[in-house]
>>> print(open('start.cif').read())   # mmCIF, N, CA and C atoms
data_my_file
loop_
_atom_site.label_atom_id
_atom_site.label_comp_id
_atom_site.auth_asym_id
_atom_site.auth_seq_id
_atom_site.Cartn_x
_atom_site.Cartn_y
_atom_site.Cartn_z
N MET G 5 0.85 -1.18 0.00
CA MET G 5 0.00 0.00 0.00
C MET G 5 0.89 1.23 0.00
N HIS G 6 0.35 2.32 -0.48
CA HIS G 6 1.10 3.56 -0.61
C HIS G 6 0.85 4.43 0.63
N LEU G 7 1.93 4.93 1.22
CA LEU G 7 1.83 5.76 2.43
C LEU G 7 2.52 7.09 2.21
N GLU G 8 1.86 8.16 2.64
CA GLU G 8 2.45 9.50 2.65
C GLU G 8 2.29 10.09 4.04
N ILE G 9 3.36 10.69 4.56
CA ILE G 9 3.29 11.43 5.82
C ILE G 9 3.66 12.87 5.48
N ILE G 10 2.72 13.78 5.73
CA ILE G 10 2.87 15.18 5.33
C ILE G 10 2.67 16.08 6.54
N THR G 11 3.53 17.10 6.67
CA THR G 11 3.37 18.14 7.69
C THR G 11 3.03 19.44 6.95
N PRO G 12 2.69 20.49 7.66
CA PRO G 12 2.37 21.75 6.98
C PRO G 12 3.52 22.30 6.12
N ASP G 13 4.77 21.94 6.43
CA ASP G 13 5.88 22.52 5.68
C ASP G 13 6.67 21.55 4.81
N ARG G 14 6.41 20.21 4.90
CA ARG G 14 7.18 19.28 4.06
C ARG G 14 6.54 17.89 4.03
N LYS G 15 6.98 17.11 3.04
CA LYS G 15 6.60 15.71 2.94
C LYS G 15 7.69 14.91 3.64
N VAL G 16 7.34 14.20 4.71
CA VAL G 16 8.30 13.49 5.54
C VAL G 16 8.61 12.11 4.96
N PHE G 17 7.58 11.44 4.42
CA PHE G 17 7.78 10.10 3.88
C PHE G 17 6.78 9.87 2.75
N GLU G 18 7.21 9.15 1.71
CA GLU G 18 6.32 8.66 0.67
C GLU G 18 6.90 7.38 0.13
N GLY G 19 6.09 6.32 0.12
CA GLY G 19 6.57 5.05 -0.41
C GLY G 19 5.60 3.91 -0.15
N GLU G 20 6.01 2.73 -0.59
CA GLU G 20 5.21 1.52 -0.45
C GLU G 20 5.57 0.82 0.86
N VAL G 21 4.57 0.45 1.63
CA VAL G 21 4.77 -0.27 2.89
C VAL G 21 3.83 -1.47 2.94
N THR G 22 4.18 -2.45 3.76
CA THR G 22 3.31 -3.62 3.94
C THR G 22 2.46 -3.49 5.20
N ALA G 23 2.91 -2.65 6.14
CA ALA G 23 2.16 -2.41 7.38
C ALA G 23 2.58 -1.07 7.96
N ALA G 24 1.66 -0.46 8.69
CA ALA G 24 1.95 0.80 9.39
C ALA G 24 1.20 0.81 10.71
N ARG G 25 1.91 1.09 11.80
CA ARG G 25 1.30 1.17 13.13
C ARG G 25 1.27 2.63 13.55
N PHE G 26 0.09 3.06 14.03
CA PHE G 26 -0.14 4.47 14.35
C PHE G 26 -0.49 4.66 15.82
N PRO G 27 -0.11 5.82 16.40
CA PRO G 27 -0.51 6.16 17.77
C PRO G 27 -1.88 6.84 17.76
N GLY G 28 -2.93 6.07 17.72
CA GLY G 28 -4.28 6.62 17.66
C GLY G 28 -4.66 7.35 18.94
N ALA G 29 -5.56 8.29 18.83
CA ALA G 29 -6.02 9.05 19.99
C ALA G 29 -6.65 8.14 21.04
N ASP G 30 -7.25 7.03 20.60
CA ASP G 30 -7.88 6.08 21.52
C ASP G 30 -7.06 4.80 21.70
N GLY G 31 -5.80 4.80 21.27
CA GLY G 31 -4.94 3.63 21.37
C GLY G 31 -4.30 3.33 20.03
N SER G 32 -3.19 2.62 20.06
CA SER G 32 -2.47 2.35 18.82
C SER G 32 -3.22 1.32 17.97
N PHE G 33 -3.01 1.41 16.66
CA PHE G 33 -3.64 0.47 15.73
C PHE G 33 -2.73 0.29 14.52
N GLU G 34 -2.95 -0.81 13.81
CA GLU G 34 -2.13 -1.13 12.65
C GLU G 34 -2.99 -1.21 11.40
N VAL G 35 -2.44 -0.75 10.29
CA VAL G 35 -3.12 -0.80 9.01
C VAL G 35 -2.31 -1.72 8.10
N LEU G 36 -3.00 -2.69 7.48
CA LEU G 36 -2.39 -3.62 6.54
C LEU G 36 -3.01 -3.41 5.16
N ASN G 37 -2.46 -4.10 4.18
CA ASN G 37 -2.98 -4.03 2.81
C ASN G 37 -4.47 -4.38 2.79
N ASN G 38 -5.24 -3.70 1.96
CA ASN G 38 -6.68 -3.90 1.80
C ASN G 38 -7.48 -3.60 3.06
N HIS G 39 -6.99 -2.69 3.88
CA HIS G 39 -7.71 -2.28 5.10
C HIS G 39 -9.00 -1.54 4.72
N ALA G 40 -10.00 -1.66 5.56
CA ALA G 40 -11.26 -0.95 5.34
C ALA G 40 -11.02 0.56 5.39
N PRO G 41 -11.81 1.34 4.63
CA PRO G 41 -11.66 2.79 4.67
C PRO G 41 -11.89 3.33 6.09
N MET G 42 -11.09 4.32 6.47
CA MET G 42 -11.25 4.92 7.79
C MET G 42 -10.54 6.26 7.85
N ILE G 43 -10.97 7.06 8.82
CA ILE G 43 -10.28 8.30 9.19
C ILE G 43 -10.16 8.26 10.70
N ALA G 44 -8.94 8.56 11.23
CA ALA G 44 -8.73 8.48 12.67
C ALA G 44 -7.83 9.62 13.13
N ALA G 45 -8.07 10.07 14.36
CA ALA G 45 -7.22 11.08 14.99
C ALA G 45 -5.98 10.41 15.56
N LEU G 46 -4.85 11.11 15.48
CA LEU G 46 -3.59 10.59 16.00
C LEU G 46 -3.08 11.49 17.11
N LYS G 47 -2.44 10.89 18.11
CA LYS G 47 -1.77 11.66 19.15
C LYS G 47 -0.28 11.62 18.89
N ALA G 48 0.48 12.37 19.65
CA ALA G 48 1.93 12.37 19.50
C ALA G 48 2.47 10.99 19.80
N GLY G 49 3.42 10.54 19.00
CA GLY G 49 4.03 9.23 19.18
C GLY G 49 4.74 8.79 17.92
N GLU G 50 5.06 7.49 17.85
CA GLU G 50 5.80 6.95 16.71
C GLU G 50 4.90 6.23 15.74
N VAL G 51 5.10 6.52 14.46
CA VAL G 51 4.49 5.74 13.38
C VAL G 51 5.56 4.74 12.97
N THR G 52 5.25 3.45 13.04
CA THR G 52 6.19 2.40 12.68
C THR G 52 5.80 1.83 11.33
N LEU G 53 6.73 1.90 10.38
CA LEU G 53 6.48 1.45 9.01
C LEU G 53 7.25 0.17 8.74
N THR G 54 6.61 -0.79 8.09
CA THR G 54 7.27 -2.02 7.67
C THR G 54 7.22 -2.08 6.15
N SER G 55 8.40 -2.21 5.54
CA SER G 55 8.48 -2.29 4.08
C SER G 55 9.48 -3.38 3.71
N ALA G 56 9.71 -3.54 2.42
CA ALA G 56 10.68 -4.53 1.95
C ALA G 56 12.08 -4.22 2.48
N ALA G 57 12.36 -2.96 2.76
CA ALA G 57 13.67 -2.54 3.27
C ALA G 57 13.81 -2.75 4.78
N GLY G 58 12.73 -3.07 5.47
CA GLY G 58 12.78 -3.27 6.92
C GLY G 58 11.81 -2.36 7.64
N ARG G 59 12.13 -2.09 8.92
CA ARG G 59 11.26 -1.23 9.74
C ARG G 59 11.88 0.15 9.91
N GLU G 60 10.99 1.12 10.03
CA GLU G 60 11.40 2.51 10.22
C GLU G 60 10.39 3.17 11.14
N ALA G 61 10.87 4.04 12.02
CA ALA G 61 9.98 4.77 12.93
C ALA G 61 10.10 6.26 12.66
N ILE G 62 8.96 6.92 12.61
CA ILE G 62 8.90 8.37 12.42
C ILE G 62 8.05 8.94 13.55
N ARG G 63 8.62 9.87 14.29
CA ARG G 63 7.90 10.48 15.42
C ARG G 63 7.03 11.63 14.90
N ILE G 64 5.74 11.59 15.25
CA ILE G 64 4.83 12.66 14.85
C ILE G 64 4.31 13.39 16.09
N GLU G 65 3.78 14.58 15.88
CA GLU G 65 3.25 15.40 16.98
C GLU G 65 1.73 15.41 17.00
N GLY G 66 1.11 14.42 16.37
CA GLY G 66 -0.35 14.36 16.32
C GLY G 66 -0.84 14.71 14.94
N GLY G 67 -2.12 14.44 14.68
CA GLY G 67 -2.70 14.74 13.38
C GLY G 67 -3.85 13.81 13.08
N VAL G 68 -4.04 13.50 11.78
CA VAL G 68 -5.09 12.59 11.34
C VAL G 68 -4.53 11.66 10.27
N VAL G 69 -5.17 10.49 10.14
CA VAL G 69 -4.79 9.53 9.09
C VAL G 69 -6.05 9.15 8.33
N GLU G 70 -5.92 9.04 7.01
CA GLU G 70 -7.00 8.58 6.15
C GLU G 70 -6.53 7.33 5.42
N VAL G 71 -7.35 6.29 5.44
CA VAL G 71 -7.06 5.04 4.72
C VAL G 71 -8.17 4.85 3.70
N LEU G 72 -7.79 4.72 2.42
CA LEU G 72 -8.78 4.54 1.36
C LEU G 72 -8.12 3.87 0.16
N ARG G 73 -8.63 2.71 -0.22
CA ARG G 73 -8.15 1.97 -1.40
C ARG G 73 -6.63 1.79 -1.43
N ASN G 74 -6.07 1.28 -0.36
CA ASN G 74 -4.62 1.04 -0.24
C ASN G 74 -3.77 2.29 -0.37
N ASN G 75 -4.37 3.45 -0.11
CA ASN G 75 -3.64 4.71 0.00
C ASN G 75 -3.83 5.23 1.41
N VAL G 76 -2.72 5.48 2.09
CA VAL G 76 -2.76 5.96 3.47
C VAL G 76 -2.09 7.33 3.49
N ILE G 77 -2.82 8.32 3.97
CA ILE G 77 -2.28 9.68 4.05
C ILE G 77 -2.33 10.14 5.51
N VAL G 78 -1.18 10.55 6.03
CA VAL G 78 -1.09 11.08 7.37
C VAL G 78 -0.83 12.58 7.27
N LEU G 79 -1.72 13.37 7.85
CA LEU G 79 -1.51 14.81 7.95
C LEU G 79 -1.10 15.08 9.39
N ALA G 80 0.20 15.28 9.59
CA ALA G 80 0.75 15.44 10.92
C ALA G 80 1.03 16.90 11.23
N GLU G 81 0.87 17.27 12.49
CA GLU G 81 1.16 18.63 12.93
C GLU G 81 2.66 18.91 12.85
N GLY G 82 3.47 17.91 13.03
CA GLY G 82 4.93 17.99 12.93
C GLY G 82 5.48 16.59 12.95
N ALA G 83 6.72 16.42 12.47
CA ALA G 83 7.31 15.08 12.43
C ALA G 83 8.83 15.16 12.43
N VAL G 84 9.45 14.11 12.99
CA VAL G 84 10.90 13.96 12.97
C VAL G 84 11.20 12.58 12.43
N ALA G 85 11.88 12.51 11.28
CA ALA G 85 12.19 11.22 10.67
C ALA G 85 13.51 10.69 11.18
#
>>> encode(input="start.cif", output="structure tokens")
Amino acid sequence: MHLEIITPDRKVFEGEVTAARFPGADGSFEVLNNHAPMIAALKAGEVTLTSAAGREAIRIEGGVVEVLRNNVIVLAEGAVA
């Protein structure tokens, strides 16, 4: 699935991942390929990405995530890769 992490001033990450774990406002959750459509609020924490290259963690300062047709877009208030 395609994942983008965007802040107000830059694109932090864009690429293909097999899984992504998010710090949801009501608890962490994971999104896999063919996940049902959803929009969720995120709190500050780490987004953990799993891809063919391995695992990567990106710290975000909160925001929202949208999942739709194997496209995942994170609009974060801030991020540190």
>>> residues_around(input="start.cif", residues="Ala61 in chain G", least_positions_apart="6", cutoff="7 Å", atoms="all atoms listed in the file", output="number ranges by chain")
G: 50-53, 84-85
>>> resolve_selection(input="start.cif", expression="the PyMOL selection byres ((chain G and resi 69) around 6)", output="ChimeraX atom specification")
/G:42-46,67-68,70-71,77-79
>>> atom_distance(input="start.cif", atom1="CA of Asp13 in chain G", atom2="atom C of Ala57 in chain G")
26.5 Å
>>> select_by_dssp(input="start.cif", residues="chain G", states="strand (DSSP E or B)", output="PDB file with N, CA and C atoms, in the frame of the given file")
ATOM      1  N   HIS G   6       0.350   2.320  -0.480  1.00  0.00           N
ATOM      2  CA  HIS G   6       1.100   3.560  -0.610  1.00  0.00           C
ATOM      3  C   HIS G   6       0.850   4.430   0.630  1.00  0.00           C
ATOM      4  N   LEU G   7       1.930   4.930   1.220  1.00  0.00           N
ATOM      5  CA  LEU G   7       1.830   5.760   2.430  1.00  0.00           C
ATOM      6  C   LEU G   7       2.520   7.090   2.210  1.00  0.00           C
ATOM      7  N   GLU G   8       1.860   8.160   2.640  1.00  0.00           N
ATOM      8  CA  GLU G   8       2.450   9.500   2.650  1.00  0.00           C
ATOM      9  C   GLU G   8       2.290  10.090   4.040  1.00  0.00           C
ATOM     10  N   ILE G   9       3.360  10.690   4.560  1.00  0.00           N
ATOM     11  CA  ILE G   9       3.290  11.430   5.820  1.00  0.00           C
ATOM     12  C   ILE G   9       3.660  12.870   5.480  1.00  0.00           C
ATOM     13  N   ILE G  10       2.720  13.780   5.730  1.00  0.00           N
ATOM     14  CA  ILE G  10       2.870  15.180   5.330  1.00  0.00           C
ATOM     15  C   ILE G  10       2.670  16.080   6.540  1.00  0.00           C
ATOM     16  N   LYS G  15       6.980  17.110   3.040  1.00  0.00           N
ATOM     17  CA  LYS G  15       6.600  15.710   2.940  1.00  0.00           C
ATOM     18  C   LYS G  15       7.690  14.910   3.640  1.00  0.00           C
ATOM     19  N   VAL G  16       7.340  14.200   4.710  1.00  0.00           N
ATOM     20  CA  VAL G  16       8.300  13.490   5.540  1.00  0.00           C
ATOM     21  C   VAL G  16       8.610  12.110   4.960  1.00  0.00           C
ATOM     22  N   PHE G  17       7.580  11.440   4.420  1.00  0.00           N
ATOM     23  CA  PHE G  17       7.780  10.100   3.880  1.00  0.00           C
ATOM     24  C   PHE G  17       6.780   9.870   2.750  1.00  0.00           C
ATOM     25  N   GLU G  18       7.210   9.150   1.710  1.00  0.00           N
ATOM     26  CA  GLU G  18       6.320   8.660   0.670  1.00  0.00           C
ATOM     27  C   GLU G  18       6.900   7.380   0.130  1.00  0.00           C
ATOM     28  N   GLY G  19       6.090   6.320   0.120  1.00  0.00           N
ATOM     29  CA  GLY G  19       6.570   5.050  -0.410  1.00  0.00           C
ATOM     30  C   GLY G  19       5.600   3.910  -0.150  1.00  0.00           C
ATOM     31  N   GLU G  20       6.010   2.730  -0.590  1.00  0.00           N
ATOM     32  CA  GLU G  20       5.210   1.520  -0.450  1.00  0.00           C
ATOM     33  C   GLU G  20       5.570   0.820   0.860  1.00  0.00           C
ATOM     34  N   ALA G  23       2.910  -2.650   6.140  1.00  0.00           N
ATOM     35  CA  ALA G  23       2.160  -2.410   7.380  1.00  0.00           C
ATOM     36  C   ALA G  23       2.580  -1.070   7.960  1.00  0.00           C
ATOM     37  N   ALA G  24       1.660  -0.460   8.690  1.00  0.00           N
ATOM     38  CA  ALA G  24       1.950   0.800   9.390  1.00  0.00           C
ATOM     39  C   ALA G  24       1.200   0.810  10.710  1.00  0.00           C
ATOM     40  N   ARG G  25       1.910   1.090  11.800  1.00  0.00           N
ATOM     41  CA  ARG G  25       1.300   1.170  13.130  1.00  0.00           C
ATOM     42  C   ARG G  25       1.270   2.630  13.550  1.00  0.00           C
ATOM     43  N   PHE G  26       0.090   3.060  14.030  1.00  0.00           N
ATOM     44  CA  PHE G  26      -0.140   4.470  14.350  1.00  0.00           C
ATOM     45  C   PHE G  26      -0.490   4.660  15.820  1.00  0.00           C
ATOM     46  N   GLY G  28      -2.930   6.070  17.720  1.00  0.00           N
ATOM     47  CA  GLY G  28      -4.280   6.620  17.660  1.00  0.00           C
ATOM     48  C   GLY G  28      -4.660   7.350  18.940  1.00  0.00           C
ATOM     49  N   PHE G  33      -3.010   1.410  16.660  1.00  0.00           N
ATOM     50  CA  PHE G  33      -3.640   0.470  15.730  1.00  0.00           C
ATOM     51  C   PHE G  33      -2.730   0.290  14.520  1.00  0.00           C
ATOM     52  N   GLU G  34      -2.950  -0.810  13.810  1.00  0.00           N
ATOM     53  CA  GLU G  34      -2.130  -1.130  12.650  1.00  0.00           C
ATOM     54  C   GLU G  34      -2.990  -1.210  11.400  1.00  0.00           C
ATOM     55  N   VAL G  35      -2.440  -0.750  10.290  1.00  0.00           N
ATOM     56  CA  VAL G  35      -3.120  -0.800   9.010  1.00  0.00           C
ATOM     57  C   VAL G  35      -2.310  -1.720   8.100  1.00  0.00           C
ATOM     58  N   LEU G  36      -3.000  -2.690   7.480  1.00  0.00           N
ATOM     59  CA  LEU G  36      -2.390  -3.620   6.540  1.00  0.00           C
ATOM     60  C   LEU G  36      -3.010  -3.410   5.160  1.00  0.00           C
ATOM     61  N   MET G  42     -11.090   4.320   6.470  1.00  0.00           N
ATOM     62  CA  MET G  42     -11.250   4.920   7.790  1.00  0.00           C
ATOM     63  C   MET G  42     -10.540   6.260   7.850  1.00  0.00           C
ATOM     64  N   ILE G  43     -10.970   7.060   8.820  1.00  0.00           N
ATOM     65  CA  ILE G  43     -10.280   8.300   9.190  1.00  0.00           C
ATOM     66  C   ILE G  43     -10.160   8.260  10.700  1.00  0.00           C
ATOM     67  N   ALA G  44      -8.940   8.560  11.230  1.00  0.00           N
ATOM     68  CA  ALA G  44      -8.730   8.480  12.670  1.00  0.00           C
ATOM     69  C   ALA G  44      -7.830   9.620  13.130  1.00  0.00           C
ATOM     70  N   ALA G  45      -8.070  10.070  14.360  1.00  0.00           N
ATOM     71  CA  ALA G  45      -7.220  11.080  14.990  1.00  0.00           C
ATOM     72  C   ALA G  45      -5.980  10.410  15.560  1.00  0.00           C
ATOM     73  N   LEU G  46      -4.850  11.110  15.480  1.00  0.00           N
ATOM     74  CA  LEU G  46      -3.590  10.590  16.000  1.00  0.00           C
ATOM     75  C   LEU G  46      -3.080  11.490  17.110  1.00  0.00           C
ATOM     76  N   LYS G  47      -2.440  10.890  18.110  1.00  0.00           N
ATOM     77  CA  LYS G  47      -1.770  11.660  19.150  1.00  0.00           C
ATOM     78  C   LYS G  47      -0.280  11.620  18.890  1.00  0.00           C
ATOM     79  N   ALA G  48       0.480  12.370  19.650  1.00  0.00           N
ATOM     80  CA  ALA G  48       1.930  12.370  19.500  1.00  0.00           C
ATOM     81  C   ALA G  48       2.470  10.990  19.800  1.00  0.00           C
ATOM     82  N   GLY G  49       3.420  10.540  19.000  1.00  0.00           N
ATOM     83  CA  GLY G  49       4.030   9.230  19.180  1.00  0.00           C
ATOM     84  C   GLY G  49       4.740   8.790  17.920  1.00  0.00           C
ATOM     85  N   GLU G  50       5.060   7.490  17.850  1.00  0.00           N
ATOM     86  CA  GLU G  50       5.800   6.950  16.710  1.00  0.00           C
ATOM     87  C   GLU G  50       4.900   6.230  15.740  1.00  0.00           C
ATOM     88  N   VAL G  51       5.100   6.520  14.460  1.00  0.00           N
ATOM     89  CA  VAL G  51       4.490   5.740  13.380  1.00  0.00           C
ATOM     90  C   VAL G  51       5.560   4.740  12.970  1.00  0.00           C
ATOM     91  N   THR G  52       5.250   3.450  13.040  1.00  0.00           N
ATOM     92  CA  THR G  52       6.190   2.400  12.680  1.00  0.00           C
ATOM     93  C   THR G  52       5.800   1.830  11.330  1.00  0.00           C
ATOM     94  N   LEU G  53       6.730   1.900  10.380  1.00  0.00           N
ATOM     95  CA  LEU G  53       6.480   1.450   9.010  1.00  0.00           C
ATOM     96  C   LEU G  53       7.250   0.170   8.740  1.00  0.00           C
ATOM     97  N   THR G  54       6.610  -0.790   8.090  1.00  0.00           N
ATOM     98  CA  THR G  54       7.270  -2.020   7.670  1.00  0.00           C
ATOM     99  C   THR G  54       7.220  -2.080   6.150  1.00  0.00           C
ATOM    100  N   SER G  55       8.400  -2.210   5.540  1.00  0.00           N
ATOM    101  CA  SER G  55       8.480  -2.290   4.080  1.00  0.00           C
ATOM    102  C   SER G  55       9.480  -3.380   3.710  1.00  0.00           C
ATOM    103  N   GLY G  58      12.730  -3.070   5.470  1.00  0.00           N
ATOM    104  CA  GLY G  58      12.780  -3.270   6.920  1.00  0.00           C
ATOM    105  C   GLY G  58      11.810  -2.360   7.640  1.00  0.00           C
ATOM    106  N   ARG G  59      12.130  -2.090   8.920  1.00  0.00           N
ATOM    107  CA  ARG G  59      11.260  -1.230   9.740  1.00  0.00           C
ATOM    108  C   ARG G  59      11.880   0.150   9.910  1.00  0.00           C
ATOM    109  N   GLU G  60      10.990   1.120  10.030  1.00  0.00           N
ATOM    110  CA  GLU G  60      11.400   2.510  10.220  1.00  0.00           C
ATOM    111  C   GLU G  60      10.390   3.170  11.140  1.00  0.00           C
ATOM    112  N   ALA G  61      10.870   4.040  12.020  1.00  0.00           N
ATOM    113  CA  ALA G  61       9.980   4.770  12.930  1.00  0.00           C
ATOM    114  C   ALA G  61      10.100   6.260  12.660  1.00  0.00           C
ATOM    115  N   ILE G  62       8.960   6.920  12.610  1.00  0.00           N
ATOM    116  CA  ILE G  62       8.900   8.370  12.420  1.00  0.00           C
ATOM    117  C   ILE G  62       8.050   8.940  13.550  1.00  0.00           C
ATOM    118  N   ARG G  63       8.620   9.870  14.290  1.00  0.00           N
ATOM    119  CA  ARG G  63       7.900  10.480  15.420  1.00  0.00           C
ATOM    120  C   ARG G  63       7.030  11.630  14.900  1.00  0.00           C
ATOM    121  N   ILE G  64       5.740  11.590  15.250  1.00  0.00           N
ATOM    122  CA  ILE G  64       4.830  12.660  14.850  1.00  0.00           C
ATOM    123  C   ILE G  64       4.310  13.390  16.090  1.00  0.00           C
ATOM    124  N   GLU G  65       3.780  14.580  15.880  1.00  0.00           N
ATOM    125  CA  GLU G  65       3.250  15.400  16.980  1.00  0.00           C
ATOM    126  C   GLU G  65       1.730  15.410  17.000  1.00  0.00           C
ATOM    127  N   GLY G  66       1.110  14.420  16.370  1.00  0.00           N
ATOM    128  CA  GLY G  66      -0.350  14.360  16.320  1.00  0.00           C
ATOM    129  C   GLY G  66      -0.840  14.710  14.940  1.00  0.00           C
ATOM    130  N   GLY G  67      -2.120  14.440  14.680  1.00  0.00           N
ATOM    131  CA  GLY G  67      -2.700  14.740  13.380  1.00  0.00           C
ATOM    132  C   GLY G  67      -3.850  13.810  13.080  1.00  0.00           C
ATOM    133  N   VAL G  68      -4.040  13.500  11.780  1.00  0.00           N
ATOM    134  CA  VAL G  68      -5.090  12.590  11.340  1.00  0.00           C
ATOM    135  C   VAL G  68      -4.530  11.660  10.270  1.00  0.00           C
ATOM    136  N   VAL G  69      -5.170  10.490  10.140  1.00  0.00           N
ATOM    137  CA  VAL G  69      -4.790   9.530   9.090  1.00  0.00           C
ATOM    138  C   VAL G  69      -6.050   9.150   8.330  1.00  0.00           C
ATOM    139  N   GLU G  70      -5.920   9.040   7.010  1.00  0.00           N
ATOM    140  CA  GLU G  70      -7.000   8.580   6.150  1.00  0.00           C
ATOM    141  C   GLU G  70      -6.530   7.330   5.420  1.00  0.00           C
ATOM    142  N   VAL G  71      -7.350   6.290   5.440  1.00  0.00           N
ATOM    143  CA  VAL G  71      -7.060   5.040   4.720  1.00  0.00           C
ATOM    144  C   VAL G  71      -8.170   4.850   3.700  1.00  0.00           C
ATOM    145  N   LEU G  72      -7.790   4.720   2.420  1.00  0.00           N
ATOM    146  CA  LEU G  72      -8.780   4.540   1.360  1.00  0.00           C
ATOM    147  C   LEU G  72      -8.120   3.870   0.160  1.00  0.00           C
ATOM    148  N   ASN G  75      -4.370   3.450  -0.110  1.00  0.00           N
ATOM    149  CA  ASN G  75      -3.640   4.710   0.000  1.00  0.00           C
ATOM    150  C   ASN G  75      -3.830   5.230   1.410  1.00  0.00           C
ATOM    151  N   VAL G  76      -2.720   5.480   2.090  1.00  0.00           N
ATOM    152  CA  VAL G  76      -2.760   5.960   3.470  1.00  0.00           C
ATOM    153  C   VAL G  76      -2.090   7.330   3.490  1.00  0.00           C
ATOM    154  N   ILE G  77      -2.820   8.320   3.970  1.00  0.00           N
ATOM    155  CA  ILE G  77      -2.280   9.680   4.050  1.00  0.00           C
ATOM    156  C   ILE G  77      -2.330  10.140   5.510  1.00  0.00           C
ATOM    157  N   VAL G  78      -1.180  10.550   6.030  1.00  0.00           N
ATOM    158  CA  VAL G  78      -1.090  11.080   7.370  1.00  0.00           C
ATOM    159  C   VAL G  78      -0.830  12.580   7.270  1.00  0.00           C
ATOM    160  N   LEU G  79      -1.720  13.370   7.850  1.00  0.00           N
ATOM    161  CA  LEU G  79      -1.510  14.810   7.950  1.00  0.00           C
ATOM    162  C   LEU G  79      -1.100  15.080   9.390  1.00  0.00           C
ATOM    163  N   ALA G  80       0.200  15.280   9.590  1.00  0.00           N
ATOM    164  CA  ALA G  80       0.750  15.440  10.920  1.00  0.00           C
ATOM    165  C   ALA G  80       1.030  16.900  11.230  1.00  0.00           C
ATOM    166  N   ALA G  83       6.720  16.420  12.470  1.00  0.00           N
ATOM    167  CA  ALA G  83       7.310  15.080  12.430  1.00  0.00           C
ATOM    168  C   ALA G  83       8.830  15.160  12.430  1.00  0.00           C
ATOM    169  N   VAL G  84       9.450  14.110  12.990  1.00  0.00           N
ATOM    170  CA  VAL G  84      10.900  13.960  12.970  1.00  0.00           C
ATOM    171  C   VAL G  84      11.200  12.580  12.430  1.00  0.00           C
TER     172      VAL G  84
END
>>> resolve_selection(input="start.cif", expression="the PyMOL selection byres ((chain G and resi 39) around 7)", output="PyMOL selection string")
chain G and resi 35-38+40-42+71-74
>>> closest_residue(input="start.cif", among="G:Met5, G:Val21, G:Ala80, G:Ile64", to="Lys47 in chain G", atoms="all atoms listed in the file")
G:Ile64
>>> atom_distance(input="start.cif", atom1="CA of Ala29 in chain G", atom2="CA of Thr54 in chain G")
21.2 Å
>>> atom_distance(input="start.cif", atom1="CA of Leu7 in chain G", atom2="CA of Ala24 in chain G")
8.5 Å
>>> residues_around(input="start.cif", residues="Phe17 in chain G", least_positions_apart="2", cutoff="8 Å", atoms="only C-alpha atoms", output="compact mmCIF listing (two decimals) with N, CA and C atoms, keeping the file's coordinate frame")
# COMPACT_ATOMS: atom_id res chain seq x y z
N LEU G 7 1.93 4.93 1.22
CA LEU G 7 1.83 5.76 2.43
C LEU G 7 2.52 7.09 2.21
N GLU G 8 1.86 8.16 2.64
CA GLU G 8 2.45 9.50 2.65
C GLU G 8 2.29 10.09 4.04
N ILE G 9 3.36 10.69 4.56
CA ILE G 9 3.29 11.43 5.82
C ILE G 9 3.66 12.87 5.48
N ILE G 10 2.72 13.78 5.73
CA ILE G 10 2.87 15.18 5.33
C ILE G 10 2.67 16.08 6.54
N LYS G 15 6.98 17.11 3.04
CA LYS G 15 6.60 15.71 2.94
C LYS G 15 7.69 14.91 3.64
N GLY G 19 6.09 6.32 0.12
CA GLY G 19 6.57 5.05 -0.41
C GLY G 19 5.60 3.91 -0.15
>>> decode(input="start.cif", residues="range 20-46 of chain G", atoms="C-alpha atoms", output="PDB file, in the first residue's frame")
ATOM      1  CA  GLU G  20       5.213   1.520  -0.445  1.00  0.00           C
ATOM      2  CA  VAL G  21       4.767  -0.270   2.890  1.00  0.00           C
ATOM      3  CA  THR G  22       3.314  -3.618   3.942  1.00  0.00           C
ATOM      4  CA  ALA G  23       2.161  -2.414   7.377  1.00  0.00           C
ATOM      5  CA  ALA G  24       1.948   0.798   9.389  1.00  0.00           C
ATOM      6  CA  ARG G  25       1.300   1.169  13.132  1.00  0.00           C
ATOM      7  CA  PHE G  26      -0.135   4.467  14.350  1.00  0.00           C
ATOM      8  CA  PRO G  27      -0.514   6.164  17.772  1.00  0.00           C
ATOM      9  CA  GLY G  28      -4.283   6.617  17.664  1.00  0.00           C
ATOM     10  CA  ALA G  29      -6.025   9.052  19.991  1.00  0.00           C
ATOM     11  CA  ASP G  30      -7.884   6.077  21.525  1.00  0.00           C
ATOM     12  CA  GLY G  31      -4.937   3.631  21.372  1.00  0.00           C
ATOM     13  CA  SER G  32      -2.470   2.346  18.815  1.00  0.00           C
ATOM     14  CA  PHE G  33      -3.636   0.472  15.729  1.00  0.00           C
ATOM     15  CA  GLU G  34      -2.127  -1.130  12.646  1.00  0.00           C
ATOM     16  CA  VAL G  35      -3.118  -0.802   9.006  1.00  0.00           C
ATOM     17  CA  LEU G  36      -2.391  -3.616   6.539  1.00  0.00           C
ATOM     18  CA  ASN G  37      -2.977  -4.025   2.814  1.00  0.00           C
ATOM     19  CA  ASN G  38      -6.681  -3.903   1.799  1.00  0.00           C
ATOM     20  CA  HIS G  39      -7.709  -2.281   5.100  1.00  0.00           C
ATOM     21  CA  ALA G  40     -11.264  -0.954   5.339  1.00  0.00           C
ATOM     22  CA  PRO G  41     -11.658   2.794   4.674  1.00  0.00           C
ATOM     23  CA  MET G  42     -11.248   4.922   7.791  1.00  0.00           C
ATOM     24  CA  ILE G  43     -10.280   8.302   9.194  1.00  0.00           C
ATOM     25  CA  ALA G  44      -8.726   8.478  12.670  1.00  0.00           C
ATOM     26  CA  ALA G  45      -7.222  11.085  14.986  1.00  0.00           C
ATOM     27  CA  LEU G  46      -3.591  10.591  16.004  1.00  0.00           C
TER      28      LEU G  46
END
